[in-house]
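Single-structure report; data block below.
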Amino acid sequence: TGLFAKWRWFFVYATQIFFYGMPWLQWGDRQAMLFDLEARRFYIFGLVLYPQDVVYLSGILIISALLLFLFTAVAGRQWCGYTCPQTVYTEIYLWIEKKIEGDRSARMRLDAAPMSASKFGRKLLKQIAWISVGLWTGFTFVGYFTPIRELAVHVAQWTLGPWETFWIFFYGFATYGNAGYMREQVCKYMCPYARF
């Protein structure tokens with residue numbers, strides 16, 4: 001609770017509305033943000049980038065990295081605390097866990113209790129919710145590289161290509177594992193930004 005927790009939840013909502021909503025946004029006759037690797041074109045609203053425009057993309061990435069380091073040097077780890085996907089998805093997964101199994105003390109009591117239908121049902125429901133969020137995240141991620149409306153049709157008809165299937169499940173599993181189980185361990189041991 002408190003001011004910083006409210007800001008964290010504000011950024012959880014803001015980043016997720018952007019991430020999940022942007023692929024569905026249309027710009028003229030195409031998706032507003034689409035990284036079409038097959039056609040070698042990156043569409044960002046009205047801007048179209050080609051492979052030979054890698055200089056501009058590199059410049060944008062370098063400026064973004066320098067801004068990240070500047071903000072961190074001036075005011076601490078805002079990226080880590082508010083907008084890092086690991087933080088955001090961990091907050092979402094913790095919220096799901098709290099809604100289904102209760103607060104920390106209730107979860108500890110549930111874990112210590114013998115297996116029952118109620119305990120099994122809660123654990124199963126939590127896993128289904130976590131897996132659903134992970135798969136939806138994987139689907140949305142792939143929707144930035146394959147037009148998401150076509151992708152949704154392929155998912156509904158079970159006609160996904162092998163690469164689309166792989167990346168949906170890979171990204172979904174990574175989200176599920178990192179946010180559901182590894183949580184802060186990712187930040188502590190795996191994140192290169194924490195090393196900086």
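Ordered as shown in the structure tokens, chains take letters A, B, and onward, while each chain numbers its residues from 1 and ligands are numbered from 1 in the order shown.
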
Write down as a compact mmCIF listing (two decimals) with C-alpha atoms, in the first residue's frame the residues belonging to stretch 14-189 of chain A that are assigned strand (DSSP E or B) by DSSP computed on the backbone.
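Written output follows (selection14.txt):
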# COMPACT_ATOMS: atom_id res chain seq x y z
CA GLN A 26 -5.28 -0.27 -37.10
CA TRP A 27 -3.46 2.43 -39.08
CA ARG A 30 -2.70 -2.34 -41.74
CA GLN A 31 -1.73 -2.87 -38.14
CA MET A 33 2.75 -1.42 -35.11
CA LEU A 34 3.98 -4.44 -37.04
CA PHE A 35 7.50 -5.80 -37.38
CA ASP A 36 7.10 -7.77 -40.61
CA ARG A 41 9.57 -3.83 -43.06
CA PHE A 42 8.89 -2.34 -39.64
CA TYR A 43 5.65 -0.39 -39.47
CA ILE A 44 5.29 2.09 -36.61
CA LEU A 47 6.69 5.35 -40.33
CA VAL A 48 8.03 2.48 -42.41
CA LEU A 49 11.59 1.28 -41.70

- Query: If you count only C-alpha atoms, which residues fall within 8 Å of stretch 135-145 of chain A, apart from same-chain ones fewer than 4 positions away, as an NGL selection string?
  - Reply: :A and (19-20 or 23 or 33-37 or 131 or 151 or 164 or 167-173 or 175)

Exercise: A:Ile100 partners within 8 Å, only C-alpha atoms, chain neighbours under 5 positions left out, as a short mmCIF file (atom, residue, chain, number, x, y, z; two decimals) with C-alpha atoms, in the first residue's frame:
data_model
loop_
_atom_site.label_atom_id
_atom_site.label_comp_id
_atom_site.auth_asym_id
_atom_site.auth_seq_id
_atom_site.Cartn_x
_atom_site.Cartn_y
_atom_site.Cartn_z
CA ARG A 122 -7.52 -23.47 -5.69
CA LEU A 125 -7.41 -22.55 -10.69
CA LYS A 126 -4.26 -20.52 -9.97
#

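Shortest atom-to-atom contact with A:Phe69 among A:Tyr193, A:Met182, A:Val54, A:Thr165: A:Tyr193, counting only C-alpha atoms.
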
- Message: I'd like the contact shell of stretch 8-14 of chain A - 8 Å cut-off, only C-alpha atoms, skipping same-chain residues fewer than 3 positions apart - returned as a ChimeraX atom specification.
- Response: /A:4-5,17-18,81-83,88,91-92

- Query: If we count only C-alpha atoms, what is near A:Cys187 at a cut-off of 12 Å, once residues fewer than 2 positions away on the same chain are taken out, given as a PyMOL selection string?
  - Reply: chain A and resi 77+79-81+84-87+90+178-179+182-185+189-196

- Task: Determine which residues of stretch 112-170 of chain A DSSP labels as alpha helix (DSSP H) from the backbone of this structure, then write them out as a PyMOL selection string.
- Result: chain A and resi 112+117-142+148-157+162-170

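Taking atom CA of A:Leu160 and atom CA of A:Tyr93 as endpoints, the distance between them is 27.3 Å.
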
- Task: Pick out the closest residue to A:Lys119 from this set: A:Ala106, A:Val133, A:Val74, A:Ile62. Count only C-alpha atoms.
- Result: A:Ala106

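Interatomic distance, atom CA of A:Tyr176 against atom CA of A:Ile128: 10.5 Å.
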
- Go through A:His154, A:Phe45, A:Glu101, A:Ser58 one by one, measure the shortest atom-to-atom distance of each to A:Leu124 using only C-alpha atoms, and give the residue with the smallest value. A:Glu101

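One finds atom CA of A:Gly21 at 23.0 Å from atom CA of A:Trp158.
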